[in-house]
$ cat protein_4.tsv   # TSV, C-alpha atoms
chain	number	residue	atom	x	y	z
A	1419	MET	CA	93.34	197.01	120.50
A	1420	GLU	CA	91.89	200.43	121.10
A	1421	LEU	CA	92.54	202.49	124.19
A	1422	LYS	CA	90.21	205.28	125.20
A	1423	ILE	CA	90.79	207.62	128.07
A	1424	LYS	CA	87.89	209.62	129.41
A	1425	LEU	CA	88.08	212.48	131.85
A	1426	ALA	CA	85.16	213.63	133.86
A	1427	ILE	CA	84.79	216.22	136.54
A	1428	ALA	CA	82.18	215.34	139.11
A	1429	GLY	CA	81.66	217.58	142.12
A	1430	GLY	CA	85.08	219.16	141.76
A	1431	VAL	CA	86.86	215.75	141.69
A	1432	LEU	CA	88.74	214.67	138.62
A	1433	LEU	CA	87.85	211.13	137.60
A	1434	LEU	CA	89.93	209.22	135.13
A	1435	ALA	CA	88.44	206.20	133.42
A	1436	VAL	CA	90.43	203.97	131.14
A	1437	VAL	CA	88.48	201.76	128.79
A	1438	VAL	CA	90.29	199.04	126.91
A	1439	ILE	CA	88.44	197.66	123.94
A	1440	VAL	CA	89.68	194.27	122.82
A	1441	PRO	CA	88.20	193.01	119.56
A	1442	PRO	CA	86.53	189.57	119.89
A	1443	ALA	CA	88.84	188.21	117.19
A	1444	THR	CA	91.81	188.87	119.47
A	1445	LEU	CA	90.23	186.93	122.32
A	1446	LEU	CA	89.32	184.05	120.05
A	1447	SER	CA	92.46	184.02	117.92
A	1448	PRO	CA	94.53	180.88	117.49
A	1449	ARG	CA	96.53	180.00	120.53
A	1450	THR	CA	99.41	178.28	118.74
A	1451	SER	CA	101.94	179.26	121.40
A	1452	GLN	CA	99.67	178.10	124.24
A	1453	PHE	CA	99.05	174.74	122.55
A	1454	ARG	CA	102.76	174.27	121.80
A	1455	LYS	CA	103.71	175.12	125.39
A	1456	THR	CA	101.34	172.45	126.74
A	1457	PHE	CA	102.55	169.97	124.11
A	1458	ARG	CA	106.22	170.54	125.02
A	1459	ARG	CA	105.61	170.40	128.79
A	1460	ARG	CA	103.78	167.09	128.52
A	1461	CYS	CA	106.35	165.69	126.08
A	1462	GLU	CA	109.25	166.62	128.34
A	1463	ALA	CA	107.65	164.59	131.14
A	1464	PHE	CA	108.76	161.50	129.18
A	1465	PRO	CA	112.55	161.26	129.74
A	1466	GLN	CA	113.12	158.97	126.75
A	1467	THR	CA	111.80	161.61	124.33
A	1468	SER	CA	112.42	164.91	126.13
A	1469	GLN	CA	115.24	165.81	123.72
A	1470	ARG	CA	113.02	165.20	120.66
A	1471	CYS	CA	109.91	167.17	121.62
A	1472	GLU	CA	110.37	169.82	118.91
A	1473	GLU	CA	110.71	167.08	116.31
A	1474	ILE	CA	107.58	165.31	117.61
A	1475	LEU	CA	105.62	168.58	117.65
A	1476	SER	CA	106.71	169.35	114.09
A	1477	THR	CA	105.64	165.91	112.84
A	1478	PHE	CA	102.32	166.29	114.65
A	1479	GLU	CA	101.60	169.77	113.27
A	1480	LYS	CA	102.36	168.68	109.70
A	1481	THR	CA	99.33	166.41	109.85
A	1482	TYR	CA	96.67	169.12	110.32
A	1483	VAL	CA	98.07	172.68	110.06
A	1484	GLY	CA	96.74	174.44	106.97
A	1485	LYS	CA	94.06	171.81	106.39
A	1486	ASP	CA	90.29	171.75	106.76
A	1487	PRO	CA	89.46	170.28	110.18
A	1488	CYS	CA	86.26	168.57	108.98
A	1489	ASN	CA	86.24	165.11	107.39
A	1490	PHE	CA	89.84	164.89	108.49
A	1491	PRO	CA	91.28	161.47	107.60
A	1492	GLU	CA	92.65	159.44	110.51
A	1493	GLU	CA	95.21	158.10	108.02
A	1494	ALA	CA	96.90	161.50	108.19
A	1495	TYR	CA	98.24	160.58	111.63
A	1496	ARG	CA	99.86	157.32	110.45
A	1497	PRO	CA	103.35	158.88	110.00
A	1498	LEU	CA	103.19	160.22	113.55
A	1499	PHE	CA	102.63	156.73	114.96
A	1500	GLU	CA	105.23	155.22	112.65
A	1501	ASP	CA	107.84	157.74	113.82
A	1502	TYR	CA	106.82	157.60	117.51
A	1503	PRO	CA	105.41	154.13	118.18
A	1504	PHE	CA	104.23	152.76	121.49
A	1505	THR	CA	107.02	151.37	123.65
A	1506	HIS	CA	105.43	149.91	126.77
A	1507	SER	CA	106.03	146.28	127.77
A	1508	CYS	CA	103.90	143.34	126.75
A	1509	ASP	CA	101.18	142.32	129.21
A	1510	LYS	CA	100.64	145.95	130.30
A	1511	THR	CA	98.13	147.25	127.73
A	1512	MET	CA	94.84	148.40	129.21
A	1513	PHE	CA	91.77	149.16	127.12
A	1514	TRP	CA	88.70	150.91	128.48
A	1515	SER	CA	85.32	152.23	127.41
A	1516	ASP	CA	83.35	154.86	129.34
A	1517	THR	CA	85.57	154.36	132.40
A	1518	LYS	CA	88.35	156.93	131.85
A	1519	ASP	CA	88.24	158.46	135.34
A	1520	LEU	CA	88.34	155.05	137.00
A	1521	VAL	CA	91.18	153.91	134.72
A	1522	ASP	CA	93.16	157.10	135.43
A	1523	GLN	CA	92.74	156.62	139.18
A	1524	PHE	CA	93.55	152.90	139.01
A	1525	CYS	CA	96.68	153.36	136.89
A	1526	LYS	CA	97.89	156.31	138.96
A	1527	GLU	CA	97.86	154.20	142.12
A	1528	ARG	CA	99.32	151.10	140.46
A	1529	ASN	CA	101.92	151.04	137.73
A	1530	HIS	CA	100.86	147.63	136.39
A	1531	PHE	CA	98.94	148.72	133.29
A	1532	VAL	CA	99.30	151.31	130.53
A	1533	PRO	CA	96.16	152.85	129.05
A	1534	LEU	CA	96.43	154.88	125.84
A	1535	GLN	CA	96.37	158.20	127.71
A	1536	ASN	CA	99.53	157.20	129.62
A	1537	THR	CA	101.59	156.69	126.46
A	1538	LEU	CA	103.69	159.50	124.98
A	1539	LEU	CA	101.22	160.78	122.37
A	1540	GLY	CA	98.17	159.85	124.43
A	1541	ASN	CA	99.46	161.81	127.41
A	1542	ILE	CA	100.47	164.84	125.37
A	1543	LEU	CA	97.06	165.11	123.69
A	1544	ASP	CA	94.76	163.87	126.48
A	1545	ASP	CA	91.89	166.34	126.96
A	1546	GLN	CA	93.34	168.69	124.32
A	1547	LYS	CA	91.47	170.28	121.45
A	1548	TRP	CA	93.19	171.45	118.26
A	1549	CYS	CA	92.55	172.09	114.61
A	1550	GLY	CA	94.01	173.80	111.62
A	1551	LYS	CA	92.29	175.88	108.99
A	1552	LYS	CA	92.87	175.94	105.27
A	1553	SER	CA	95.67	178.33	104.31
A	1554	SER	CA	96.61	179.05	107.95
A	1555	LYS	CA	99.89	178.22	109.64
A	1556	ASP	CA	98.30	178.30	113.09
A	1557	THR	CA	96.97	175.77	115.54
A	1558	PHE	CA	93.55	176.71	116.81
A	1559	ILE	CA	92.28	175.60	120.22
A	1560	CYS	CA	88.96	177.39	119.96
A	1561	LEU	CA	86.76	178.26	117.01
A	1562	CYS	CA	87.31	174.79	115.57
A	1563	LYS	CA	84.40	173.77	113.38
A	1564	THR	CA	82.01	171.31	114.96
A	1565	CYS	CA	81.98	168.25	112.75
A	1566	LYS	CA	81.68	164.54	113.44
A	1567	ILE	CA	85.00	163.59	111.87
A	1568	ASN	CA	87.59	166.17	112.88
A	1569	THR	CA	91.29	166.47	113.71
A	1570	VAL	CA	90.80	165.38	117.34
A	1571	SER	CA	88.40	162.47	116.75
A	1572	SER	CA	90.57	161.23	113.88
A	1573	PHE	CA	93.64	161.30	116.09
A	1574	TRP	CA	91.95	159.14	118.75
A	1575	VAL	CA	90.60	156.68	116.16
A	1576	ARG	CA	94.11	156.24	114.72
A	1577	ALA	CA	95.70	156.15	118.19
A	1578	SER	CA	93.26	153.49	119.39
A	1579	ALA	CA	93.85	151.35	116.29
A	1580	GLU	CA	97.64	151.62	116.63
A	1581	PHE	CA	97.42	150.91	120.38
A	1582	ALA	CA	95.36	147.77	119.71
A	1583	LYS	CA	97.83	146.62	117.02
A	1584	TYR	CA	100.72	147.14	119.42
A	1585	ALA	CA	99.17	145.13	122.27
A	1586	CYS	CA	100.97	141.87	122.94
A	1587	GLY	CA	100.73	139.17	125.55
A	1588	ASN	CA	97.76	139.62	127.85
A	1589	ALA	CA	95.72	142.81	127.65
A	1590	VAL	CA	93.20	144.08	130.18
A	1591	ALA	CA	89.91	145.83	129.46
A	1592	LEU	CA	87.94	147.88	131.96
A	1593	LEU	CA	84.35	148.41	130.83
A	1594	ASP	CA	81.27	149.91	132.42
A	1595	GLY	CA	79.07	146.93	133.31
A	1596	ALA	CA	76.05	149.20	133.77
A	1597	ILE	CA	75.91	149.92	130.04
A	1598	SER	CA	74.02	147.37	127.96
A	1599	LYS	CA	76.57	147.66	125.11
A	1600	PRO	CA	79.83	148.86	126.72
A	1601	PHE	CA	81.80	148.67	123.46
A	1602	ASP	CA	81.20	148.46	119.74
A	1603	PRO	CA	82.35	145.02	118.55
A	1604	THR	CA	82.49	146.22	114.93
A	1605	ARG	CA	85.23	148.80	115.63

$ encode --input "protein_4.tsv" --output "structure tokens"
Amino acid sequence: MELKIKLAIAGGVLLLAVVVIVPPATLLSPRTSQFRKTFRRRCEAFPQTSQRCEEILSTFEKTYVGKDPCNFPEEAYRPLFEDYPFTHSCDKTMFWSDTKDLVDQFCKERNHFVPLQNTLLGNILDDQKWCGKKSSKDTFICLCKTCKINTVSSFWVRASAEFAKYACGNAVALLDGAISKPFDPTR
């Protein structure tokens, strides 16, 4: 960061101008601490795991830190779901497609169903963006490469598959009936 101080005399009045120049790289640098703070805060909201949040964060970061964010294998998240599996009761699993806002509102008002984003890992990572970069020990929340298969999309593919495997008893699905194909039956 560079600091420049300029003095000017205009009409007998001394003016002092301070100009702070912040390099763009500083503004767009990894925000590891910011990401970790959000991760911990959301994790601690779950009383059953609040004492293990550092351990959960460490396991999570091992999957992507220092790795290329593109063509990221969803299999990389398998250990995370093995170590921190879903724990909600049977008959409470709720699936959805293109109805997230409605599901969030519905489940907030009624505690009958559990969508993926209300589980431990789903809640922690809901609406988050993260990636690693080769040879870096940081978590990036901006400047992540745009690629079809990335650290975030791979997480949600693995999370959805594990959530579906965990479902037991009756499960509920909330789909958008206005869409001609509200879900992909091949996935």

$ closest_residue --input "protein_4.tsv" --among "A:His1530, A:Ser1451, A:Cys1549, A:Lys1599" --to "A:Cys1508" --atoms "only C-alpha atoms"
A:His1530

$ residues_around --input "protein_4.tsv" --residues "stretch 1468-1471 of chain A" --least-positions-apart "5" --cutoff "9 Å" --atoms "all atoms listed in the file" --output "ChimeraX atom specification"
/A:1457-1459,1461-1463,1476

$ atom_distance --input "protein_4.tsv" --atom1 "atom CA of A:Tyr1495" --atom2 "atom CA of A:Cys1586"
22.0 Å

$ closest_residue --input "protein_4.tsv" --among "A:Val1532, A:Val1570, A:Val1575, A:Leu1593" --to "A:Gly1550" --atoms "only C-alpha atoms"
A:Val1570

$ residues_around --input "protein_4.tsv" --residues "A:Lys1485" --least-positions-apart "3" --cutoff "12 Å" --atoms "only C-alpha atoms" --output "number ranges by chain"
A: 1479-1482, 1488-1491, 1494, 1548-1558, 1562, 1568-1569

$ write_last_selection --input "protein_4.tsv" --atoms "C-alpha atoms" --output "PDB file, in the coordinates of the input"
ATOM      1  CA  GLU A1479     101.600 169.770 113.270  1.00  0.00           C
ATOM      2  CA  LYS A1480     102.360 168.680 109.700  1.00  0.00           C
ATOM      3  CA  THR A1481      99.330 166.410 109.850  1.00  0.00           C
ATOM      4  CA  TYR A1482      96.670 169.120 110.320  1.00  0.00           C
ATOM      5  CA  CYS A1488      86.260 168.570 108.980  1.00  0.00           C
ATOM      6  CA  ASN A1489      86.240 165.110 107.390  1.00  0.00           C
ATOM      7  CA  PHE A1490      89.840 164.890 108.490  1.00  0.00           C
ATOM      8  CA  PRO A1491      91.280 161.470 107.600  1.00  0.00           C
ATOM      9  CA  ALA A1494      96.900 161.500 108.190  1.00  0.00           C
ATOM     10  CA  TRP A1548      93.190 171.450 118.260  1.00  0.00           C
ATOM     11  CA  CYS A1549      92.550 172.090 114.610  1.00  0.00           C
ATOM     12  CA  GLY A1550      94.010 173.800 111.620  1.00  0.00           C
ATOM     13  CA  LYS A1551      92.290 175.880 108.990  1.00  0.00           C
ATOM     14  CA  LYS A1552      92.870 175.940 105.270  1.00  0.00           C
ATOM     15  CA  SER A1553      95.670 178.330 104.310  1.00  0.00           C
ATOM     16  CA  SER A1554      96.610 179.050 107.950  1.00  0.00           C
ATOM     17  CA  LYS A1555      99.890 178.220 109.640  1.00  0.00           C
ATOM     18  CA  ASP A1556      98.300 178.300 113.090  1.00  0.00           C
ATOM     19  CA  THR A1557      96.970 175.770 115.540  1.00  0.00           C
ATOM     20  CA  PHE A1558      93.550 176.710 116.810  1.00  0.00           C
ATOM     21  CA  CYS A1562      87.310 174.790 115.570  1.00  0.00           C
ATOM     22  CA  ASN A1568      87.590 166.170 112.880  1.00  0.00           C
ATOM     23  CA  THR A1569      91.290 166.470 113.710  1.00  0.00           C
TER      24      THR A1569
END

$ atom_distance --input "protein_4.tsv" --atom1 "atom CA of A:Ala1582" --atom2 "atom CA of A:Asp1522"
18.4 Å

$ residues_around --input "protein_4.tsv" --residues "A:Ser1571" --least-positions-apart "5" --cutoff "9 Å" --atoms "only C-alpha atoms" --output "ChimeraX atom specification"
/A:1490,1492,1566,1576

$ closest_residue --input "protein_4.tsv" --among "A:Thr1456, A:Asn1541, A:Thr1450, A:Thr1467" --to "A:Ala1577" --atoms "all atoms listed in the file"
A:Asn1541

$ atom_distance --input "protein_4.tsv" --atom1 "atom CA of A:Phe1504" --atom2 "atom CA of A:Ser1578"
11.2 Å

$ residues_near_point --input "protein_4.tsv" --point "(96.3, 156.2, 129.6)" --cutoff "9 Å" --atoms "all atoms listed in the file" --output "list in words"
Met1512, Phe1513, Lys1518, Val1521, Asp1522, Cys1525, Phe1531, Val1532, Pro1533, Leu1534, Gln1535, Asn1536, Thr1537, Gly1540, Asn1541 and Asp1544 of chain A

$ write_last_selection --input "protein_4.tsv" --atoms "C-alpha atoms" --output "mmCIF file, in the frame of the given file"
data_model
loop_
_atom_site.group_PDB
_atom_site.id
_atom_site.type_symbol
_atom_site.label_atom_id
_atom_site.label_comp_id
_atom_site.auth_asym_id
_atom_site.auth_seq_id
_atom_site.Cartn_x
_atom_site.Cartn_y
_atom_site.Cartn_z
ATOM 1 C CA MET A 1512 94.840 148.400 129.210
ATOM 2 C CA PHE A 1513 91.770 149.160 127.120
ATOM 3 C CA LYS A 1518 88.350 156.930 131.850
ATOM 4 C CA VAL A 1521 91.180 153.910 134.720
ATOM 5 C CA ASP A 1522 93.160 157.100 135.430
ATOM 6 C CA CYS A 1525 96.680 153.360 136.890
ATOM 7 C CA PHE A 1531 98.940 148.720 133.290
ATOM 8 C CA VAL A 1532 99.300 151.310 130.530
ATOM 9 C CA PRO A 1533 96.160 152.850 129.050
ATOM 10 C CA LEU A 1534 96.430 154.880 125.840
ATOM 11 C CA GLN A 1535 96.370 158.200 127.710
ATOM 12 C CA ASN A 1536 99.530 157.200 129.620
ATOM 13 C CA THR A 1537 101.590 156.690 126.460
ATOM 14 C CA GLY A 1540 98.170 159.850 124.430
ATOM 15 C CA ASN A 1541 99.460 161.810 127.410
ATOM 16 C CA ASP A 1544 94.760 163.870 126.480
#

$ closest_residue --input "protein_4.tsv" --among "A:Gln1546, A:Lys1583, A:Glu1473, A:Pro1600" --to "A:Cys1560" --atoms "all atoms listed in the file"
A:Gln1546

$ closest_residue --input "protein_4.tsv" --among "A:Leu1538, A:Leu1520, A:Leu1498, A:Ala1596" --to "A:Gln1466" --atoms "all atoms listed in the file"
A:Leu1538

$ residues_around --input "protein_4.tsv" --residues "A:Leu1592" --least-positions-apart "6" --cutoff "7 Å" --atoms "all atoms listed in the file" --output "CSV table (one decimal) with C-alpha atoms, in the frame of the given file"
chain,number,residue,atom,x,y,z
A,1513,PHE,CA,91.8,149.2,127.1
A,1514,TRP,CA,88.7,150.9,128.5
A,1515,SER,CA,85.3,152.2,127.4
A,1517,THR,CA,85.6,154.4,132.4

$ decode --input "protein_4.tsv" --residues "stretch 1523-1545 of chain A" --atoms "N, CA and C atoms" --output "CSV table (one decimal), in the first residue's frame"
chain,number,residue,atom,x,y,z
A,1523,GLN,N,-38.4,-20.7,3.0
A,1523,GLN,CA,-39.5,-20.1,3.7
A,1523,GLN,C,-40.4,-21.2,4.4
A,1524,PHE,N,-40.7,-22.2,3.7
A,1524,PHE,CA,-41.6,-23.3,4.2
A,1524,PHE,C,-40.9,-24.0,5.4
A,1525,CYS,N,-39.6,-24.3,5.3
A,1525,CYS,CA,-39.0,-25.0,6.4
A,1525,CYS,C,-38.7,-24.1,7.6
A,1526,LYS,N,-38.5,-22.8,7.3
A,1526,LYS,CA,-38.3,-21.9,8.4
A,1526,LYS,C,-39.6,-21.8,9.3
A,1527,GLU,N,-40.7,-21.8,8.7
A,1527,GLU,CA,-42.0,-21.7,9.4
A,1527,GLU,C,-42.4,-23.0,10.1
A,1528,ARG,N,-42.0,-24.1,9.5
A,1528,ARG,CA,-42.4,-25.4,10.0
A,1528,ARG,C,-41.1,-26.2,10.1
A,1529,ASN,N,-41.0,-26.9,11.2
A,1529,ASN,CA,-39.8,-27.7,11.4
A,1529,ASN,C,-40.0,-29.2,11.1
A,1530,HIS,N,-40.9,-29.5,10.1
A,1530,HIS,CA,-41.2,-30.8,9.8
A,1530,HIS,C,-40.2,-31.5,8.8
A,1531,PHE,N,-39.6,-30.7,8.0
A,1531,PHE,CA,-38.7,-31.3,6.9
A,1531,PHE,C,-37.3,-30.7,7.0
A,1532,VAL,N,-36.4,-31.4,6.5
A,1532,VAL,CA,-35.0,-31.0,6.4
A,1532,VAL,C,-34.5,-31.0,5.0
A,1533,PRO,N,-34.3,-29.8,4.4
A,1533,PRO,CA,-33.7,-29.8,3.1
A,1533,PRO,C,-32.1,-29.8,3.3
A,1534,LEU,N,-31.4,-30.1,2.2
A,1534,LEU,CA,-30.0,-30.2,2.3
A,1534,LEU,C,-29.3,-28.9,2.9
A,1535,GLN,N,-29.8,-27.7,2.6
A,1535,GLN,CA,-29.2,-26.5,3.1
A,1535,GLN,C,-29.5,-26.3,4.6
A,1536,ASN,N,-30.3,-27.1,5.2
A,1536,ASN,CA,-30.5,-27.0,6.7
A,1536,ASN,C,-29.7,-28.1,7.5
A,1537,THR,N,-28.9,-28.9,6.8
A,1537,THR,CA,-28.0,-29.8,7.4
A,1537,THR,C,-26.7,-29.1,7.8
A,1538,LEU,N,-25.9,-29.7,8.6
A,1538,LEU,CA,-24.6,-29.1,9.0
A,1538,LEU,C,-23.8,-28.5,7.9
A,1539,LEU,N,-23.4,-29.4,7.0
A,1539,LEU,CA,-22.5,-28.9,5.9
A,1539,LEU,C,-23.3,-28.1,4.9
A,1540,GLY,N,-24.5,-28.4,4.6
A,1540,GLY,CA,-25.3,-27.6,3.7
A,1540,GLY,C,-25.5,-26.2,4.2
A,1541,ASN,N,-25.8,-26.1,5.5
A,1541,ASN,CA,-26.0,-24.7,6.1
A,1541,ASN,C,-24.7,-23.9,6.1
A,1542,ILE,N,-23.6,-24.6,6.4
A,1542,ILE,CA,-22.3,-23.9,6.5
A,1542,ILE,C,-21.9,-23.3,5.1
A,1543,LEU,N,-22.2,-24.1,4.1
A,1543,LEU,CA,-21.7,-23.7,2.7
A,1543,LEU,C,-22.8,-23.1,1.8
A,1544,ASP,N,-24.0,-23.0,2.3
A,1544,ASP,CA,-25.1,-22.4,1.5
A,1544,ASP,C,-24.8,-21.0,1.1
A,1545,ASP,N,-24.9,-20.8,-0.2
A,1545,ASP,CA,-24.6,-19.5,-0.9
A,1545,ASP,C,-23.1,-19.0,-0.7
